[in-house]
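Everything on this sheet refers to the single structure shown next.
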Amino acid sequence: MADTQLTEPGAISAVLSGTHSDLFGLLGVHQTSAGFIARAFIPGARRVEVETLDGTVVGELTCRDVQGFFDGPVSLTERQPVRYHASNKEASWRLIDTYSFSPVLGEMDDYLYNEGSHSRLFDRMGAQVMTHEGVEGTNFAVWAPNARRVSVVGEFNMWDGRKHAMRLRQSTGVWEIFIPEIGPGTSYKFELIGPDGGLLPLKADPFAFAAEYRPATASIVHRLGNQDWHDQGHIAHWARTDKRRTPVSIYEVHPGSWQRADDGGFLSWDAMADRLIPYCVEMGFTHIEFLPVSEHPYDPSWGYQTTGLYAPTARFGEPDGFARFMEGAHGAGLGVILDWVPAHFPTDAHGLGNFDGTALYEHADPKQGYHPDWNTLIYNFGRKEVENYLVNNALFWAEKYHVDGLRVDAVASMLYLDYSREEGEWIPNDEGGNINKEAVAFVRRMNAAVYGAHPNIMTIAEESTAFPGVSQPTSAGGLGFGFKWNMGWMHDTLEYMSKDPIHRKHHHGDMMFTFHYAMSENFVLPISHDEVVHGKGSLLAKMPGDTWQKHANLRAYYGLMWGYPGKKLLFMGQEFAQEQEWSESRSLDWYLMDQPLKRGMRDLVRDLNGIYKSLPALHGRDNEADGVEVVLGDDAENSVFAWLRHAPGGNPVLVVSNMTPNVHHDYRVPLPDRLSGRWREVLNTDAPIYGGSGVGNMGGVDSSNGAATMTLPPLATLFFEYEG
């Protein structure tokens with residue numbers, strides 16, 4: 001082949017036109033019956049000498065076409081990388097021949113890739129900075145099985161797809177090329193010719209570890225592993241901790257709008273670390289949860305329409321800044337959870353859609369591959385390469401950036417084939433049902449892989465239906481998530497709180513109904529960004545009454561939430577009763593902290609976090625039936641609720657909520673005889689330090705004859721710890 005290929009009539013013209021399908025079979029160093037020859041395509045050159053990498057001249061090539069095609073014999077005894085010394089009338093330059101290198105990927109990579117079981121794709125695919133055959137450079141690898149040609153393009157080759165056409169690994173459909181002297185910071189994309197011979201839009205790298213700042217869309221070569229981690233103790237702690245039985249209080253943050261820089265721009269990761277980490281520590285949160293930080297083109301998507309699953313967005317600086325943030329958070333005792341979006345991806349031309357000229361990552365049929373709610377494309381979970389791409393991404397964030405958790409977005413949209421679709425708009429499964437069996441298998445595999453490799457991590461499902469076993473182990477037939485958002489609790493309680501107190505007695509059962517499903521999963525109670533956007537207003541705006549009553553209602557609600565079984569999640573700004581509806585385009589209204597009611601609300605959330613962590617009864621059985629005991633659920637007339645929290649190693653805690661503006665003196669709360677004795681009031685949301693009226697039980701209360709008599713403040717929640 002090597003002896004005759006050059007003489008084939010169309011070979012040179014195919015190189016010049018960019019249509020040659022196997023440049024590695026033509027260019028570079030090849031052995032013939034007469035010895036070694038070299039072939040090179042170097043546009044602009046008029047003369048080309050061939051050198052070994054130590055500078056020894058081993059031949060001069062003949063120009064076969066003035067557009068830059070050269071060939072000729074070289075004095076080599078074995079095939080090896082060579083360097084070309086090219087020149088014309090104006091300049092001379094040297095370049096190492098890309099096509100003289102052997103492949104980086106091996107047979108085991110091919111085997112695991114075809115099997116769909118490769119767990120280290122992030123060390124093999126994308127742009128891997130390395131030393132190969134003694135030369136520093138970057139190896140590029142991308143899956144595009146139906147493309148006729150794939151090339152790496154960038155400023156380094158004048159975006160000319162003829163210069164760095166890749167080698168196809170036939171058994172996998174993966175294309176690869178090692179490009180010498182290309183290092184970190186280099187921008188690149190992939191140029192593909194589709195199966196019909198047409199040139200596709202330039203594509204960003206699906207495995208890119210960094211990307212350009214929007215609106216630019218190129219990928220950037222980035223060397224992973226630059227962070228010197230010192231968080232082994234943090235990771236070991238969470239690996240041996242039963243997360244169901246430990247305090248988890250999450251501060252949900254959109255990193256682009258929590259605070260802004262003085263010039264109105266985004267904070268860098270380092271600046272965010274200086275401000276956000278101390279704030280969360282002071283407030284007593286255990287975790288920060290970021291809305292998606294993967295690269296995305298459109299700010300109003302909040303990161304939920306990602307085009308770069310493996311790249312921290314450039315909005316907040318280079319990826320190493322995010323690693324430093326993680327290190328700083330762990331050093332301060334905070335975990336970091338990322339919102340993760342494996343359900344769908346946007347249709348932007350540089351993204352995954354129609355990647356190699358075919359529906360590669362998505363289903364071809366829009367009844368399966370198009371999401372009508374978000375105008376996005378749905379991953380084809382049944383394709384092993386796609387499933388493996390997503391599973392590897394979950395493993396990537398845990399390993400490379402030490403994240404402590406993944407909150408998986410839009411799980412319901414993955415599980416149901418008819419999600420947001422009318423009859424005739426979806427394709428049933430093989431049994432005629434609406435469950436997406438392929439998505440179920442993917443979710444189970446992802447959870448098993450993540451927990452198996454990183455026991456410190458937690459996965460949390462945003463799942464809004466009654467799909468069974470979401471937070472049950474895969475070994476027991478569940479989906480394998482550690483936790484599930486309790487969307488029912490959020491909806492029912494906010495609906496109740498939005499009612500005028502005079503009408504709440506008619507909705508008492510709605511609040512009590514939440515206890516019927518409180519232990520059906522390992523729940524997180526989410527007051528998230530979704531509740532304060534799209535015309536819903538802030539949490540404060542949902543509360544009825546005048547200004548004082550609104551704040552009192554919200555304080556009582558927070559008390560109820562922190563006293564209710566389940567882990568806690570609160571969206572940024574709600575801890576100080578933000579008044580405006582949240583917008584991703586501006587900072588939170590921090591100037592409100594000048595107001596006493598706002599400072600009081602913030603101090604209440606801080607103290608709730610402190611009490612939640614310090615009293616085992618409030619967290620030790622958050623997700624188990626013996627952790628809660630309702631003692632008063634039928635006083636609809638007064639809108640009063642009371643329950644006990646229990647856990648080994650701590651005293652019982654009594655939670656009492658009065659959801660009317662009436663003060664109740666000598667109010668009788670039933671309690672078990674076994675708990676007769678003294679109860680100390682440990683928190684009162686109506687305390688003056690929080691902006692309340694100061695009504696309460698400063699000396700505590702006593703329980704005898706099956707009840708405790710107390711004073712209930714207006715629109716308030718009380719915590720009492722049993723002292724015996």
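So you can find residues: chains in the structure tokens are A, B, ... in the order shown, residues in each start at 1, and ligands are numbered from 1 in order.
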Shell of 8 Å around region 385-390 of chain A, only C-alpha atoms, local chain residues under 3 positions omitted, as a list in words: Tyr113, Asn114, Gly116, Ser117, His118, Ser119, Leu121, Pro342, Tyr361, Tyr379, Asn380, Phe381, Gly382, Asn393, Ala394, Phe442 and Met446 of chain A
Write to file, as a compact mmCIF listing (two decimals), in the first residue's frame, the residues of the selection just made, with all heavy atoms.
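Saved as part_22.txt:
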# COMPACT_ATOMS: atom_id res chain seq x y z
N TYR A 113 -14.24 0.14 25.57
CA TYR A 113 -15.14 1.11 24.95
C TYR A 113 -16.30 0.39 24.27
O TYR A 113 -17.46 0.77 24.41
CB TYR A 113 -14.38 1.97 23.94
CG TYR A 113 -15.11 3.23 23.56
CD1 TYR A 113 -15.02 4.37 24.35
CD2 TYR A 113 -15.92 3.28 22.43
CE1 TYR A 113 -15.70 5.53 24.02
CE2 TYR A 113 -16.62 4.43 22.09
CZ TYR A 113 -16.51 5.55 22.89
OH TYR A 113 -17.19 6.69 22.57
N ASN A 114 -15.98 -0.66 23.53
CA ASN A 114 -17.03 -1.42 22.85
C ASN A 114 -17.96 -2.10 23.84
O ASN A 114 -19.16 -2.26 23.57
CB ASN A 114 -16.41 -2.46 21.92
CG ASN A 114 -15.91 -1.84 20.63
OD1 ASN A 114 -16.48 -0.88 20.14
ND2 ASN A 114 -14.83 -2.37 20.09
N GLY A 116 -18.72 -0.87 26.69
CA GLY A 116 -19.43 0.15 27.45
C GLY A 116 -19.06 0.17 28.91
O GLY A 116 -19.83 0.66 29.74
N SER A 117 -17.89 -0.38 29.24
CA SER A 117 -17.50 -0.50 30.65
C SER A 117 -16.24 0.28 31.00
O SER A 117 -15.70 0.11 32.09
CB SER A 117 -17.27 -1.98 30.99
OG SER A 117 -16.21 -2.52 30.22
N HIS A 118 -15.76 1.12 30.09
CA HIS A 118 -14.54 1.90 30.36
C HIS A 118 -14.83 2.92 31.44
O HIS A 118 -15.68 3.80 31.28
CB HIS A 118 -14.08 2.59 29.07
CG HIS A 118 -12.62 2.89 29.03
ND1 HIS A 118 -11.95 3.52 30.05
CD2 HIS A 118 -11.68 2.63 28.09
CE1 HIS A 118 -10.67 3.66 29.73
NE2 HIS A 118 -10.48 3.11 28.54
N SER A 119 -14.14 2.82 32.57
CA SER A 119 -14.39 3.73 33.69
C SER A 119 -13.36 4.84 33.79
O SER A 119 -13.38 5.62 34.76
CB SER A 119 -14.43 2.94 35.01
OG SER A 119 -13.18 2.31 35.24
N LEU A 121 -12.57 6.95 30.91
CA LEU A 121 -12.61 7.66 29.63
C LEU A 121 -12.04 9.06 29.74
O LEU A 121 -11.46 9.59 28.79
CB LEU A 121 -14.04 7.72 29.10
CG LEU A 121 -14.62 6.42 28.54
CD1 LEU A 121 -16.05 6.64 28.08
CD2 LEU A 121 -13.77 5.88 27.40
N PRO A 342 -27.84 14.99 33.24
CA PRO A 342 -27.68 13.94 32.25
C PRO A 342 -28.96 13.65 31.46
O PRO A 342 -29.01 12.65 30.73
CB PRO A 342 -27.29 12.74 33.11
CG PRO A 342 -28.09 12.93 34.35
CD PRO A 342 -28.17 14.43 34.57
N TYR A 361 -25.65 11.12 19.94
CA TYR A 361 -25.90 11.17 21.38
C TYR A 361 -27.40 11.16 21.69
O TYR A 361 -27.81 10.81 22.79
CB TYR A 361 -25.25 12.40 22.00
CG TYR A 361 -23.75 12.29 22.11
CD1 TYR A 361 -22.92 12.65 21.05
CD2 TYR A 361 -23.15 11.82 23.27
CE1 TYR A 361 -21.54 12.56 21.15
CE2 TYR A 361 -21.77 11.72 23.38
CZ TYR A 361 -20.97 12.09 22.31
OH TYR A 361 -19.61 11.99 22.42
N TYR A 379 -30.73 12.46 25.67
CA TYR A 379 -29.69 11.45 25.49
C TYR A 379 -30.31 10.08 25.18
O TYR A 379 -31.34 9.70 25.74
CB TYR A 379 -28.84 11.33 26.76
CG TYR A 379 -27.86 12.45 26.97
CD1 TYR A 379 -28.11 13.44 27.93
CD2 TYR A 379 -26.68 12.53 26.23
CE1 TYR A 379 -27.21 14.47 28.14
CE2 TYR A 379 -25.78 13.56 26.44
CZ TYR A 379 -26.05 14.52 27.40
OH TYR A 379 -25.15 15.55 27.60
N ASN A 380 -29.63 9.35 24.32
CA ASN A 380 -30.01 7.98 23.99
C ASN A 380 -29.37 7.05 25.02
O ASN A 380 -28.26 6.54 24.81
CB ASN A 380 -29.56 7.64 22.57
CG ASN A 380 -30.01 6.26 22.13
OD1 ASN A 380 -30.48 5.46 22.94
ND2 ASN A 380 -29.88 5.98 20.84
N PHE A 381 -30.07 6.84 26.13
CA PHE A 381 -29.50 6.07 27.23
C PHE A 381 -29.26 4.61 26.86
O PHE A 381 -28.48 3.92 27.52
CB PHE A 381 -30.42 6.15 28.45
CG PHE A 381 -30.69 7.54 28.93
CD1 PHE A 381 -31.94 8.12 28.76
CD2 PHE A 381 -29.68 8.29 29.52
CE1 PHE A 381 -32.19 9.41 29.19
CE2 PHE A 381 -29.92 9.57 29.96
CZ PHE A 381 -31.17 10.14 29.79
N GLY A 382 -29.93 4.13 25.84
CA GLY A 382 -29.75 2.74 25.44
C GLY A 382 -28.51 2.49 24.61
O GLY A 382 -28.17 1.33 24.34
N ASN A 393 -18.79 10.87 33.35
CA ASN A 393 -18.84 12.26 33.78
C ASN A 393 -19.12 12.36 35.27
O ASN A 393 -18.52 13.19 35.98
CB ASN A 393 -19.89 13.03 32.99
CG ASN A 393 -19.84 14.51 33.26
OD1 ASN A 393 -20.76 15.09 33.82
ND2 ASN A 393 -18.74 15.16 32.91
N ALA A 394 -20.01 11.52 35.77
CA ALA A 394 -20.27 11.50 37.22
C ALA A 394 -19.00 11.12 37.97
O ALA A 394 -18.64 11.75 38.98
CB ALA A 394 -21.40 10.53 37.53
N PHE A 442 -29.52 3.11 33.14
CA PHE A 442 -28.43 4.08 33.24
C PHE A 442 -28.31 4.65 34.64
O PHE A 442 -27.22 4.73 35.21
CB PHE A 442 -28.65 5.22 32.24
CG PHE A 442 -27.99 6.51 32.65
CD1 PHE A 442 -26.61 6.62 32.69
CD2 PHE A 442 -28.75 7.60 33.04
CE1 PHE A 442 -25.99 7.80 33.11
CE2 PHE A 442 -28.15 8.78 33.45
CZ PHE A 442 -26.77 8.87 33.48
N MET A 446 -25.11 4.33 37.03
CA MET A 446 -24.40 5.53 37.48
C MET A 446 -24.26 5.53 38.99
O MET A 446 -23.17 5.75 39.53
CB MET A 446 -25.15 6.77 37.00
CG MET A 446 -24.50 8.10 37.40
SD MET A 446 -24.91 8.68 39.08
CE MET A 446 -26.68 8.90 38.93
Expected answer as a ChimeraX atom specification: strand (DSSP E or B) residues in region 194-390 of chain A: /A:199,203,211,219-220,249-253,287-290,294-295,308-312,335-340,344-345,362,370-371,376-379
Exercise: Ala453 (chain A) partners within 9 Å, only C-alpha atoms, chain neighbours under 6 positions left out, as a PyMOL selection string: chain A and resi 395+398-399
C-alpha atoms of the current selection, written as a compact mmCIF listing (two decimals), in the first residue's frame:
# COMPACT_ATOMS: atom_id res chain seq x y z
CA LEU A 395 -17.05 9.69 38.13
CA ALA A 398 -15.95 12.99 42.02
CA GLU A 399 -12.36 12.07 41.17
Exercise: region 87-97 of chain A partners within 9 Å, only C-alpha atoms, chain neighbours under 4 positions left out, as a list in words: Leu27, Gly28, Val29, Ala40, Gly44, Ala45, Arg46, Arg47, Val48, Glu49, Leu53, Pro81, Val82, Arg83, Phe101, Ile179, Pro180 and Glu181 of chain A
Next, write the just-selected residues to a file, as a short mmCIF file (atom, residue, chain, number, x, y, z; two decimals), in the first residue's frame, keeping all heavy atoms as the atom set.
data_model
loop_
_atom_site.label_atom_id
_atom_site.label_comp_id
_atom_site.auth_asym_id
_atom_site.auth_seq_id
_atom_site.Cartn_x
_atom_site.Cartn_y
_atom_site.Cartn_z
N LEU A 27 0.50 9.91 4.84
CA LEU A 27 1.52 10.85 5.29
C LEU A 27 2.39 10.23 6.37
O LEU A 27 2.08 9.17 6.92
CB LEU A 27 0.85 12.12 5.83
CG LEU A 27 -0.04 12.89 4.84
CD1 LEU A 27 -0.60 14.14 5.51
CD2 LEU A 27 0.72 13.25 3.56
N GLY A 28 3.48 10.90 6.70
CA GLY A 28 4.39 10.41 7.72
C GLY A 28 5.46 9.51 7.14
O GLY A 28 5.75 9.53 5.94
N VAL A 29 6.09 8.73 8.01
CA VAL A 29 7.19 7.83 7.62
C VAL A 29 6.63 6.44 7.36
O VAL A 29 5.87 5.89 8.17
CB VAL A 29 8.25 7.78 8.73
CG1 VAL A 29 9.34 6.77 8.38
CG2 VAL A 29 8.84 9.17 8.95
N ALA A 40 4.63 14.51 3.33
CA ALA A 40 4.18 15.61 4.19
C ALA A 40 3.31 16.57 3.40
O ALA A 40 3.53 16.78 2.20
CB ALA A 40 5.37 16.36 4.77
N GLY A 44 2.36 26.37 2.06
CA GLY A 44 3.25 27.52 2.17
C GLY A 44 4.71 27.19 2.03
O GLY A 44 5.54 28.09 1.84
N ALA A 45 5.09 25.92 2.16
CA ALA A 45 6.50 25.53 2.07
C ALA A 45 6.92 25.41 0.60
O ALA A 45 6.13 25.05 -0.27
CB ALA A 45 6.73 24.21 2.79
N ARG A 46 8.17 25.72 0.36
CA ARG A 46 8.77 25.51 -0.96
C ARG A 46 9.89 24.48 -0.90
O ARG A 46 10.25 23.88 -1.89
CB ARG A 46 9.30 26.83 -1.52
CG ARG A 46 8.20 27.83 -1.86
CD ARG A 46 7.36 27.33 -3.04
NE ARG A 46 6.26 28.23 -3.36
CZ ARG A 46 5.03 28.08 -2.90
NH1 ARG A 46 4.75 27.08 -2.07
NH2 ARG A 46 4.07 28.93 -3.24
N ARG A 47 10.46 24.32 0.29
CA ARG A 47 11.55 23.36 0.47
C ARG A 47 11.35 22.68 1.83
O ARG A 47 11.00 23.34 2.81
CB ARG A 47 12.91 24.07 0.43
CG ARG A 47 14.12 23.16 0.59
CD ARG A 47 15.41 23.96 0.30
NE ARG A 47 16.59 23.11 0.41
CZ ARG A 47 17.35 22.97 1.51
NH1 ARG A 47 17.04 23.68 2.59
NH2 ARG A 47 18.39 22.18 1.51
N VAL A 48 11.56 21.37 1.88
CA VAL A 48 11.36 20.63 3.12
C VAL A 48 12.50 19.65 3.32
O VAL A 48 12.75 18.78 2.46
CB VAL A 48 10.02 19.87 3.12
CG1 VAL A 48 9.91 19.00 4.37
CG2 VAL A 48 8.84 20.83 3.05
N GLU A 49 13.21 19.80 4.43
CA GLU A 49 14.20 18.81 4.85
C GLU A 49 13.60 17.99 5.99
O GLU A 49 12.80 18.48 6.76
CB GLU A 49 15.48 19.49 5.35
CG GLU A 49 16.35 20.08 4.26
CD GLU A 49 17.67 20.61 4.81
OE1 GLU A 49 17.67 21.07 5.97
OE2 GLU A 49 18.67 20.55 4.09
N LEU A 53 14.59 13.77 15.59
CA LEU A 53 14.29 14.71 16.66
C LEU A 53 15.53 15.27 17.33
O LEU A 53 15.46 16.29 18.03
CB LEU A 53 13.37 14.06 17.69
CG LEU A 53 11.99 13.63 17.17
CD1 LEU A 53 11.12 13.12 18.31
CD2 LEU A 53 11.29 14.78 16.45
N PRO A 81 9.41 9.07 14.99
CA PRO A 81 8.96 10.44 14.76
C PRO A 81 10.07 11.28 14.11
O PRO A 81 11.25 11.13 14.43
CB PRO A 81 8.64 10.96 16.17
CG PRO A 81 8.39 9.73 16.97
CD PRO A 81 9.32 8.70 16.42
N VAL A 82 9.67 12.14 13.20
CA VAL A 82 10.63 13.01 12.52
C VAL A 82 10.13 14.44 12.59
O VAL A 82 8.98 14.72 12.94
CB VAL A 82 10.83 12.58 11.05
CG1 VAL A 82 11.42 11.19 10.96
CG2 VAL A 82 9.51 12.67 10.27
N ARG A 83 11.05 15.34 12.23
CA ARG A 83 10.75 16.77 12.23
C ARG A 83 11.05 17.31 10.84
O ARG A 83 12.02 16.90 10.20
CB ARG A 83 11.60 17.47 13.27
CG ARG A 83 11.36 18.97 13.41
CD ARG A 83 12.10 19.51 14.61
NE ARG A 83 13.55 19.32 14.48
CZ ARG A 83 14.40 19.35 15.50
NH1 ARG A 83 13.93 19.54 16.74
NH2 ARG A 83 15.69 19.19 15.30
N PHE A 101 3.77 9.38 14.37
CA PHE A 101 3.60 8.81 15.71
C PHE A 101 2.63 7.64 15.67
O PHE A 101 1.67 7.61 14.89
CB PHE A 101 3.07 9.86 16.69
CG PHE A 101 4.08 10.90 17.06
CD1 PHE A 101 4.23 12.05 16.30
CD2 PHE A 101 4.88 10.73 18.18
CE1 PHE A 101 5.16 13.01 16.64
CE2 PHE A 101 5.82 11.70 18.53
CZ PHE A 101 5.97 12.83 17.76
N ILE A 179 -0.83 15.42 18.58
CA ILE A 179 -0.27 16.61 17.93
C ILE A 179 0.87 17.13 18.80
O ILE A 179 0.65 17.58 19.92
CB ILE A 179 -1.33 17.71 17.73
CG1 ILE A 179 -2.51 17.16 16.92
CG2 ILE A 179 -0.72 18.91 17.02
CD1 ILE A 179 -3.60 18.18 16.65
N PRO A 180 2.11 17.06 18.29
CA PRO A 180 3.26 17.51 19.09
C PRO A 180 3.20 19.02 19.34
O PRO A 180 2.64 19.78 18.55
CB PRO A 180 4.45 17.15 18.20
CG PRO A 180 3.93 16.20 17.17
CD PRO A 180 2.50 16.53 16.98
N GLU A 181 3.77 19.40 20.47
CA GLU A 181 4.00 20.81 20.80
C GLU A 181 2.72 21.62 20.96
O GLU A 181 2.73 22.85 20.90
CB GLU A 181 4.93 21.46 19.77
CG GLU A 181 6.27 20.74 19.65
CD GLU A 181 7.18 21.30 18.58
OE1 GLU A 181 6.71 21.47 17.44
OE2 GLU A 181 8.35 21.55 18.89
#
6 Å contact set for Phe209 (chain A), only C-alpha atoms, chain neighbours under 2 positions out, as a list in words: His222, Tyr310 and Ala311 of chain A
For those residues, write N, CA and C atoms to a file as an mmCIF file, in the first residue's frame.
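Generated output (part-v5.cif):
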data_model
loop_
_atom_site.group_PDB
_atom_site.id
_atom_site.type_symbol
_atom_site.label_atom_id
_atom_site.label_comp_id
_atom_site.auth_asym_id
_atom_site.auth_seq_id
_atom_site.Cartn_x
_atom_site.Cartn_y
_atom_site.Cartn_z
ATOM 1 N N HIS A 222 -6.583 21.588 28.461
ATOM 2 C CA HIS A 222 -6.318 21.828 29.883
ATOM 3 C C HIS A 222 -5.735 20.568 30.499
ATOM 4 N N TYR A 310 -17.842 18.221 30.913
ATOM 5 C CA TYR A 310 -16.589 17.984 31.621
ATOM 6 C C TYR A 310 -15.810 19.275 31.911
ATOM 7 N N ALA A 311 -16.368 20.424 31.553
ATOM 8 C CA ALA A 311 -15.631 21.684 31.677
ATOM 9 C C ALA A 311 -16.317 22.628 32.652
#
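Between CA of Val253 (chain A) and CA of Gly265 (chain A) the interatomic distance comes to 16.7 Å.
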Shell around Phe641 (chain A) at 6 Å using only C-alpha atoms, local window under 2 positions removed, as a list in words: Leu632, Gly633, Val656 and Ser657 of chain A
Residues within 7 Å of Ala707 (chain A), only C-alpha atoms, excluding chain neighbours under 6 positions, as a list of chain:residue names: A:Arg668, A:Val669, A:Pro670, A:Leu671
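A straight line drawn from CA of Leu644 (chain A) to CA of Glu629 (chain A) is 4.9 Å long.
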Those of region 340-507 of chain A in DSSP alpha helix (DSSP H), formatted as number ranges by chain: A: 366-369, 384-400, 411-415, 437-453, 487-497
Nearest candidate to Ile250 (chain A) (options A:Thr459, A:Thr286, A:Asn157, A:Thr62; using only C-alpha atoms): A:Thr286
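Between Leu267 (chain A) and the candidates A:Trp229, A:Tyr251, A:Tyr298, A:Phe322, the tightest atom-to-atom separation, counting only C-alpha atoms, involves A:Phe322.
Residue nearest Trp258 (chain A) within the list A:Asn651, A:Gln578, A:Asn658, A:Asn436: A:Gln578 [criterion: smallest interatomic distance, only C-alpha atoms].
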